[in-house]
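These notes concern the structure reproduced below.
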Amino acid sequence: DEAGAGTAPAARVSGDPQRLRQLFMVVLDNAVRYSHPGGRIRVRAAVGRAADEPARWTLEVQDEGIGIAAEDLPHVFERNFRGRAARAHRPDGSG
């Protein structure tokens with residue numbers, strides 16, 4: 001365990017289990033696929049609550065990979081979109 005790492009409080013996440021599993025696998029696969037050899041990937045889950053709002057569960061995946069250019073950020077959720085750096089890093093893939 002790294003300093004400050006711990007267990008996130010229990011939280012209920014509603015959604016289609018198969019789609020949630022697919023989402024987690026895609027996010028983790030991308031972190032591995034676009035990281036440099038020997039790079040580290042950190043995964044953190046947290047539950048937080050803002051005033052007068054329901055609890056919010058977040059998943060944070062941090063890697064030491066190639067990153068996403070600022071001009072590509074508006075397009076990351078478009079089907080089959082791959083930024084220039086992603087295409088240069090690995091020519092295969094569908095977005």
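Ligands are numbered from 1 in the order shown, residues from 1 within each chain, and chains are lettered A, B, ... in the order they appear in the structure tokens.
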With a distance cut-off of 6 Å and only C-alpha atoms, select the neighbouring residues of A:Arg56, excluding the residue or stretch itself and same-chain residues fewer than 2 positions from it, and output the selection as a PyMOL selection string. chain A and resi 47-49
Can you tell me, as number ranges by chain, what residues are no more than 7 Å from stretch 28-37 of chain A when counting only C-alpha atoms, ignoring any on the same chain fewer than 3 positions away? A: 24-25, 41, 63-66
Restricting it to N, CA and C atoms, dump the selection as a short mmCIF file (atom, residue, chain, number, x, y, z; two decimals), in the first residue's frame.
data_model
loop_
_atom_site.label_atom_id
_atom_site.label_comp_id
_atom_site.auth_asym_id
_atom_site.auth_seq_id
_atom_site.Cartn_x
_atom_site.Cartn_y
_atom_site.Cartn_z
N PHE A 24 -15.36 -0.68 -17.06
CA PHE A 24 -14.13 -0.81 -16.27
C PHE A 24 -13.02 -1.47 -17.09
N MET A 25 -13.38 -2.50 -17.84
CA MET A 25 -12.36 -3.20 -18.64
C MET A 25 -11.78 -2.29 -19.72
N ILE A 41 0.28 2.27 -13.15
CA ILE A 41 -1.14 2.60 -13.26
C ILE A 41 -1.71 2.57 -11.85
N ASP A 63 -2.44 7.00 -15.13
CA ASP A 63 -1.33 6.25 -15.70
C ASP A 63 -0.24 7.22 -16.12
N GLU A 64 0.85 6.67 -16.56
CA GLU A 64 2.00 7.46 -17.01
C GLU A 64 2.13 7.35 -18.52
N GLY A 65 1.00 7.34 -19.20
CA GLY A 65 0.95 7.11 -20.63
C GLY A 65 1.10 8.38 -21.46
N ILE A 66 0.66 8.28 -22.70
CA ILE A 66 0.86 9.34 -23.67
C ILE A 66 -0.06 10.53 -23.47
#
Expected answer as number ranges by chain: strand (DSSP E or B) residues in chain A: A: 35, 41-48, 56-63, 65
Residues just named, written with N, CA, C and O atoms as a PDB file, in the first residue's frame:
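selection35.pdb, written as the output of this step:
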ATOM      1  N   SER A  35       0.163   3.183 -21.924  1.00  0.00           N
ATOM      2  CA  SER A  35       1.252   3.517 -21.013  1.00  0.00           C
ATOM      3  C   SER A  35       2.575   3.090 -21.622  1.00  0.00           C
ATOM      4  O   SER A  35       2.624   2.193 -22.465  1.00  0.00           O
ATOM      5  N   ILE A  41       0.276   2.266 -13.146  1.00  0.00           N
ATOM      6  CA  ILE A  41      -1.143   2.601 -13.260  1.00  0.00           C
ATOM      7  C   ILE A  41      -1.715   2.569 -11.854  1.00  0.00           C
ATOM      8  O   ILE A  41      -1.518   1.600 -11.113  1.00  0.00           O
ATOM      9  N   ARG A  42      -2.401   3.630 -11.482  1.00  0.00           N
ATOM     10  CA  ARG A  42      -3.014   3.717 -10.153  1.00  0.00           C
ATOM     11  C   ARG A  42      -4.524   3.770 -10.321  1.00  0.00           C
ATOM     12  O   ARG A  42      -5.020   4.511 -11.171  1.00  0.00           O
ATOM     13  N   VAL A  43      -5.221   3.000  -9.509  1.00  0.00           N
ATOM     14  CA  VAL A  43      -6.687   2.965  -9.537  1.00  0.00           C
ATOM     15  C   VAL A  43      -7.166   3.327  -8.143  1.00  0.00           C
ATOM     16  O   VAL A  43      -6.677   2.784  -7.147  1.00  0.00           O
ATOM     17  N   ARG A  44      -8.103   4.267  -8.080  1.00  0.00           N
ATOM     18  CA  ARG A  44      -8.617   4.720  -6.786  1.00  0.00           C
ATOM     19  C   ARG A  44     -10.117   4.890  -6.889  1.00  0.00           C
ATOM     20  O   ARG A  44     -10.617   5.453  -7.868  1.00  0.00           O
ATOM     21  N   ALA A  45     -10.838   4.419  -5.909  1.00  0.00           N
ATOM     22  CA  ALA A  45     -12.279   4.618  -5.818  1.00  0.00           C
ATOM     23  C   ALA A  45     -12.565   5.449  -4.575  1.00  0.00           C
ATOM     24  O   ALA A  45     -11.875   5.309  -3.562  1.00  0.00           O
ATOM     25  N   ALA A  46     -13.546   6.313  -4.672  1.00  0.00           N
ATOM     26  CA  ALA A  46     -13.890   7.164  -3.529  1.00  0.00           C
ATOM     27  C   ALA A  46     -15.380   7.460  -3.533  1.00  0.00           C
ATOM     28  O   ALA A  46     -16.024   7.466  -4.579  1.00  0.00           O
ATOM     29  N   VAL A  47     -15.888   7.691  -2.354  1.00  0.00           N
ATOM     30  CA  VAL A  47     -17.277   8.109  -2.191  1.00  0.00           C
ATOM     31  C   VAL A  47     -17.254   9.480  -1.551  1.00  0.00           C
ATOM     32  O   VAL A  47     -16.571   9.694  -0.555  1.00  0.00           O
ATOM     33  N   GLY A  48     -17.954  10.419  -2.149  1.00  0.00           N
ATOM     34  CA  GLY A  48     -18.012  11.768  -1.602  1.00  0.00           C
ATOM     35  C   GLY A  48     -19.426  12.309  -1.664  1.00  0.00           C
ATOM     36  O   GLY A  48     -20.285  11.777  -2.357  1.00  0.00           O
ATOM     37  N   ARG A  56     -21.749  10.463  -4.175  1.00  0.00           N
ATOM     38  CA  ARG A  56     -21.233  10.246  -5.527  1.00  0.00           C
ATOM     39  C   ARG A  56     -20.022   9.336  -5.443  1.00  0.00           C
ATOM     40  O   ARG A  56     -19.093   9.582  -4.682  1.00  0.00           O
ATOM     41  N   TRP A  57     -20.054   8.282  -6.232  1.00  0.00           N
ATOM     42  CA  TRP A  57     -18.943   7.343  -6.300  1.00  0.00           C
ATOM     43  C   TRP A  57     -18.082   7.702  -7.493  1.00  0.00           C
ATOM     44  O   TRP A  57     -18.602   7.946  -8.587  1.00  0.00           O
ATOM     45  N   THR A  58     -16.781   7.767  -7.300  1.00  0.00           N
ATOM     46  CA  THR A  58     -15.883   8.083  -8.410  1.00  0.00           C
ATOM     47  C   THR A  58     -14.800   7.021  -8.507  1.00  0.00           C
ATOM     48  O   THR A  58     -14.377   6.441  -7.511  1.00  0.00           O
ATOM     49  N   LEU A  59     -14.381   6.793  -9.735  1.00  0.00           N
ATOM     50  CA  LEU A  59     -13.271   5.894 -10.019  1.00  0.00           C
ATOM     51  C   LEU A  59     -12.228   6.718 -10.745  1.00  0.00           C
ATOM     52  O   LEU A  59     -12.534   7.378 -11.738  1.00  0.00           O
ATOM     53  N   GLU A  60     -11.014   6.707 -10.236  1.00  0.00           N
ATOM     54  CA  GLU A  60      -9.929   7.463 -10.856  1.00  0.00           C
ATOM     55  C   GLU A  60      -8.860   6.482 -11.308  1.00  0.00           C
ATOM     56  O   GLU A  60      -8.411   5.640 -10.540  1.00  0.00           O
ATOM     57  N   VAL A  61      -8.511   6.559 -12.588  1.00  0.00           N
ATOM     58  CA  VAL A  61      -7.442   5.738 -13.143  1.00  0.00           C
ATOM     59  C   VAL A  61      -6.372   6.702 -13.618  1.00  0.00           C
ATOM     60  O   VAL A  61      -6.630   7.568 -14.451  1.00  0.00           O
ATOM     61  N   GLN A  62      -5.187   6.563 -13.084  1.00  0.00           N
ATOM     62  CA  GLN A  62      -4.076   7.453 -13.419  1.00  0.00           C
ATOM     63  C   GLN A  62      -2.945   6.607 -13.963  1.00  0.00           C
ATOM     64  O   GLN A  62      -2.568   5.602 -13.363  1.00  0.00           O
ATOM     65  N   ASP A  63      -2.442   6.996 -15.126  1.00  0.00           N
ATOM     66  CA  ASP A  63      -1.331   6.252 -15.701  1.00  0.00           C
ATOM     67  C   ASP A  63      -0.238   7.218 -16.122  1.00  0.00           C
ATOM     68  O   ASP A  63      -0.396   8.429 -16.023  1.00  0.00           O
ATOM     69  N   GLY A  65       0.996   7.339 -19.199  1.00  0.00           N
ATOM     70  CA  GLY A  65       0.955   7.115 -20.632  1.00  0.00           C
ATOM     71  C   GLY A  65       1.102   8.376 -21.458  1.00  0.00           C
ATOM     72  O   GLY A  65       1.564   9.409 -20.976  1.00  0.00           O
TER      73      GLY A  65
END
